[in-house]
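Asker: Okay, here's the structure, questions in a sec.
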Amino acid sequence: MRISLKPLHEQVIVITGASSGIGLATARLAVEQGARVVLVARNELALADVERDLNAGDRVLHVMADVGEREQLERVASQAVERFGGFDTWINNAGNSVWGRFDEVSDEDHYQVMQTNFWGTHYGSSIAVKHLRNKGGALINIGSVESANALPFHASYSASKHAIKAMTDVLRVELQKSDTPISVTLVRPSSTDTLFMDHSKNYLPSAPVFPPPVYAPEVVAQAILHAAEHPQRDVYIGNAKLLSRLAQNAPRLADWVNRTFVYNAIQSGRQDRHRDGALYDRDVGRAGDGKASGNYPGMVLTRSLYTRASQHPVATTAAVAMGAIAVFALLGRRQR
């Protein structure tokens, strides 16, 4: 079965979690490349501001919705059909988080993370497949390096990303078996500079921080939109594949690394300005929205050579070959 995806400028793209971070960066880039975009998030004021700032007229529609409620996501699909006649790519990006020791985080908070991250992706995937089954298109789920390599103090988030990976893998195989022309991609970012920490609820004594290297959200956005045009199974950002392989093939070593280095590195020692985050609807807006980038205090990388090489193998091979030719030519001149 050959899956054919439209170029971005011909697509309608639904993006959940579009009011900040990776979702917002993806929306901006999609609009720049001519796509029509449906922005989805719980913060309607932020969505309205984003739609205005995108300045793309009737090519952008925002819909307030909580992805943890199937009925609200069904409404997103209906409004996309009403406004644009349907959609071609559905990106399940919305997510939330809580940081703290497993036994200190409340059951309610663990549940809320799973409801948004796993069930939100489950509902979105189900709705997208129903719509795209006959016409074809792309379903892109946002996993994480934590889909394989769980981080300390992040039990429910890591569990949700493990679950998203498993569900995505099963769905992909079932669609392939039935010759359904839907590309199913799991994107696995590593540490990314967004408002993620501000939006996370925190039980730790200080503000949490991701271990480096940290990548700009635009790096992830570029990879997502490449997968919207070119069918891919998995997309790893930065060192996500290395860490995933470490956890899979040397789990005791991965445990040692997390116990010895990561455990302490996550605890920044700085005061947490938004300890309650935006885990629940009542907190939406308090921690800020409308920004793609966050407040990471260290170096933020603006490109991932591994991701580029995996998504553009021909171009990368050509660049390497041209570089080798240039080196040999230079050496030849020196030997004359």
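Starting from 1 in every chain, residues are counted up; chains themselves are A, B, ... following the order of the structure tokens, and ligands are numbered from 1 as listed.
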With a distance cut-off of 8 Å and only C-alpha atoms, select the neighbouring residues of stretch 233-237 of chain A, excluding the residue or stretch itself and same-chain residues fewer than 6 positions from it, and output the selection as a PyMOL selection string.
Answerer: chain A and resi 145+183-190+219-220+223+304+306-307+310-311
Asker: Got a sec: who's within 10 Å of stretch 111-113 of chain A, counting only C-alpha atoms, leaving out chain neighbours fewer than 5 positions off, as a PyMOL selection string?
Answerer: chain A and resi 68+95-98+106+118-120+155-160+200+279-280
Asker: From the list A:Leu132, A:Arg282, A:Trp99, A:Phe261, which residue is nearest A:Ala207 when using only C-alpha atoms?
Answerer: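 Closest candidate: A:Trp99.
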Asker: Find the distance between atom CA of A:Asn43 and atom CA of A:Tyr203 and write it in Å to one decimal.
Answerer: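 Straight-line distance from atom CA of A:Asn43 to atom CA of A:Tyr203 works out to 23.9 Å.
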Asker: From the options A:Glu218, A:Asp109, A:Asp255, A:Asp198, which residue's atoms come nearest to A:Arg273, counting only C-alpha atoms?
Answerer: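 Looking at the shortest contact to A:Arg273, the residue is A:Asp198.
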Asker: Using DSSP on the backbone, list every residue of stretch 154-300 of chain A that comes out as strand (DSSP E or B), and give them as an NGL selection string.
Answerer: :A and (182-188 or 192 or 201-202 or 208 or 214-215 or 234-236 or 267 or 300)
Asker: Would you mind exporting the chosen residues as a tab-separated table (two decimals), in the first residue's frame, restricted to all heavy atoms?
Answerer:
chain	number	residue	atom	x	y	z
A	182	ILE	N	-3.67	5.81	5.56
A	182	ILE	CA	-3.36	6.81	6.58
A	182	ILE	C	-1.94	6.58	7.08
A	182	ILE	O	-1.60	5.47	7.53
A	182	ILE	CB	-4.35	6.73	7.77
A	182	ILE	CG1	-5.78	6.97	7.30
A	182	ILE	CG2	-3.97	7.76	8.84
A	182	ILE	CD1	-6.82	6.80	8.40
A	183	SER	N	-1.12	7.60	7.01
A	183	SER	CA	0.23	7.55	7.58
A	183	SER	C	0.14	7.81	9.08
A	183	SER	O	-0.46	8.79	9.50
A	183	SER	CB	1.11	8.61	6.91
A	183	SER	OG	2.35	8.73	7.58
A	184	VAL	N	0.73	6.93	9.87
A	184	VAL	CA	0.69	7.05	11.33
A	184	VAL	C	2.11	7.23	11.84
A	184	VAL	O	2.95	6.33	11.71
A	184	VAL	CB	0.03	5.83	11.99
A	184	VAL	CG1	0.03	5.99	13.52
A	184	VAL	CG2	-1.38	5.64	11.47
A	185	THR	N	2.38	8.38	12.43
A	185	THR	CA	3.73	8.74	12.86
A	185	THR	C	3.76	9.04	14.35
A	185	THR	O	2.87	9.69	14.89
A	185	THR	CB	4.23	10.00	12.11
A	185	THR	OG1	4.23	9.73	10.70
A	185	THR	CG2	5.63	10.38	12.55
A	186	LEU	N	4.81	8.55	15.02
A	186	LEU	CA	5.07	8.93	16.40
A	186	LEU	C	6.32	9.80	16.42
A	186	LEU	O	7.40	9.37	16.01
A	186	LEU	CB	5.29	7.70	17.28
A	186	LEU	CG	5.52	7.99	18.77
A	186	LEU	CD1	4.26	8.55	19.41
A	186	LEU	CD2	5.99	6.74	19.51
A	187	VAL	N	6.17	11.04	16.88
A	187	VAL	CA	7.30	11.96	17.00
A	187	VAL	C	7.77	11.93	18.45
A	187	VAL	O	6.97	12.06	19.38
A	187	VAL	CB	6.89	13.39	16.60
A	187	VAL	CG1	8.06	14.35	16.80
A	187	VAL	CG2	6.41	13.42	15.16
A	188	ARG	N	9.08	11.76	18.63
A	188	ARG	CA	9.62	11.62	19.98
A	188	ARG	C	10.64	12.73	20.28
A	188	ARG	O	11.84	12.57	20.07
A	188	ARG	CB	10.29	10.26	20.14
A	188	ARG	CG	9.40	9.08	19.78
A	188	ARG	CD	9.97	7.84	20.38
A	188	ARG	NE	9.63	6.64	19.65
A	188	ARG	CZ	9.95	5.42	20.03
A	188	ARG	NH1	10.65	5.25	21.14
A	188	ARG	NH2	9.62	4.37	19.31
A	192	THR	N	12.83	19.98	25.32
A	192	THR	CA	12.44	21.06	24.41
A	192	THR	C	12.13	22.30	25.22
A	192	THR	O	11.46	22.25	26.26
A	192	THR	CB	11.21	20.65	23.58
A	192	THR	OG1	11.45	19.38	22.95
A	192	THR	CG2	10.92	21.69	22.51
A	201	LYS	N	2.30	20.85	37.04
A	201	LYS	CA	2.16	20.93	38.50
A	201	LYS	C	3.42	20.36	39.12
A	201	LYS	O	4.03	19.43	38.59
A	201	LYS	CB	0.93	20.16	38.97
A	201	LYS	CG	0.63	20.35	40.45
A	201	LYS	CD	-0.72	19.76	40.84
A	201	LYS	CE	-1.00	19.98	42.32
A	201	LYS	NZ	-2.34	19.46	42.71
A	202	ASN	N	3.83	20.90	40.26
A	202	ASN	CA	5.13	20.53	40.81
A	202	ASN	C	5.05	20.26	42.31
A	202	ASN	O	4.63	21.11	43.09
A	202	ASN	CB	6.15	21.64	40.54
A	202	ASN	CG	7.53	21.31	41.06
A	202	ASN	OD1	7.89	20.14	41.17
A	202	ASN	ND2	8.29	22.33	41.39
A	208	PRO	N	11.45	22.28	38.47
A	208	PRO	CA	12.13	21.25	37.69
A	208	PRO	C	12.73	21.83	36.42
A	208	PRO	O	12.29	22.88	35.93
A	208	PRO	CB	11.01	20.26	37.36
A	208	PRO	CG	9.77	21.10	37.35
A	208	PRO	CD	9.99	22.18	38.38
A	214	VAL	N	18.96	20.66	25.13
A	214	VAL	CA	17.60	21.17	24.99
A	214	VAL	C	17.45	21.79	23.60
A	214	VAL	O	18.32	22.53	23.15
A	214	VAL	CB	17.29	22.22	26.08
A	214	VAL	CG1	15.93	22.85	25.87
A	214	VAL	CG2	17.38	21.56	27.46
A	215	TYR	N	16.34	21.48	22.95
A	215	TYR	CA	16.10	21.92	21.57
A	215	TYR	C	14.98	22.95	21.50
A	215	TYR	O	14.06	22.95	22.32
A	215	TYR	CB	15.76	20.72	20.67
A	215	TYR	CG	16.93	19.79	20.51
A	215	TYR	CD1	17.20	18.81	21.46
A	215	TYR	CD2	17.80	19.91	19.42
A	215	TYR	CE1	18.29	17.96	21.34
A	215	TYR	CE2	18.90	19.07	19.29
A	215	TYR	CZ	19.14	18.11	20.25
A	215	TYR	OH	20.24	17.29	20.13
A	234	ASP	N	8.55	6.57	12.78
A	234	ASP	CA	9.02	7.24	13.99
A	234	ASP	C	9.93	8.40	13.62
A	234	ASP	O	10.71	8.28	12.67
A	234	ASP	CB	9.81	6.28	14.88
A	234	ASP	CG	8.96	5.20	15.50
A	234	ASP	OD1	8.28	5.50	16.51
A	234	ASP	OD2	8.95	4.08	14.96
A	235	VAL	N	9.83	9.47	14.37
A	235	VAL	CA	10.72	10.62	14.19
A	235	VAL	C	11.32	10.94	15.55
A	235	VAL	O	10.60	11.26	16.50
A	235	VAL	CB	9.99	11.85	13.64
A	235	VAL	CG1	10.95	13.02	13.52
A	235	VAL	CG2	9.35	11.54	12.29
A	236	TYR	N	12.64	10.84	15.64
A	236	TYR	CA	13.35	11.15	16.89
A	236	TYR	C	13.98	12.52	16.78
A	236	TYR	O	14.57	12.86	15.75
A	236	TYR	CB	14.45	10.12	17.15
A	236	TYR	CG	13.96	8.71	17.40
A	236	TYR	CD1	13.77	7.83	16.34
A	236	TYR	CD2	13.69	8.27	18.69
A	236	TYR	CE1	13.34	6.53	16.56
A	236	TYR	CE2	13.25	6.98	18.93
A	236	TYR	CZ	13.08	6.11	17.87
A	236	TYR	OH	12.65	4.83	18.09
A	267	GLN	N	16.21	18.73	39.53
A	267	GLN	CA	15.89	19.67	40.60
A	267	GLN	C	16.83	20.87	40.49
A	267	GLN	O	18.00	20.80	40.84
A	267	GLN	CB	16.03	18.97	41.95
A	267	GLN	CG	15.17	17.72	42.04
A	267	GLN	CD	15.33	16.98	43.34
A	267	GLN	OE1	14.84	17.42	44.38
A	267	GLN	NE2	16.04	15.85	43.30
A	300	VAL	N	20.13	26.56	24.02
A	300	VAL	CA	19.02	25.92	23.29
A	300	VAL	C	19.48	25.69	21.86
A	300	VAL	O	19.86	26.63	21.15
A	300	VAL	CB	17.75	26.81	23.32
A	300	VAL	CG1	16.65	26.18	22.49
A	300	VAL	CG2	17.28	27.01	24.77
Asker: Which of these residues is nearest to A:Arg52, using only C-alpha atoms: A:Lys161, A:Arg28, A:Arg275, A:Arg245?
Answerer: A:Arg28
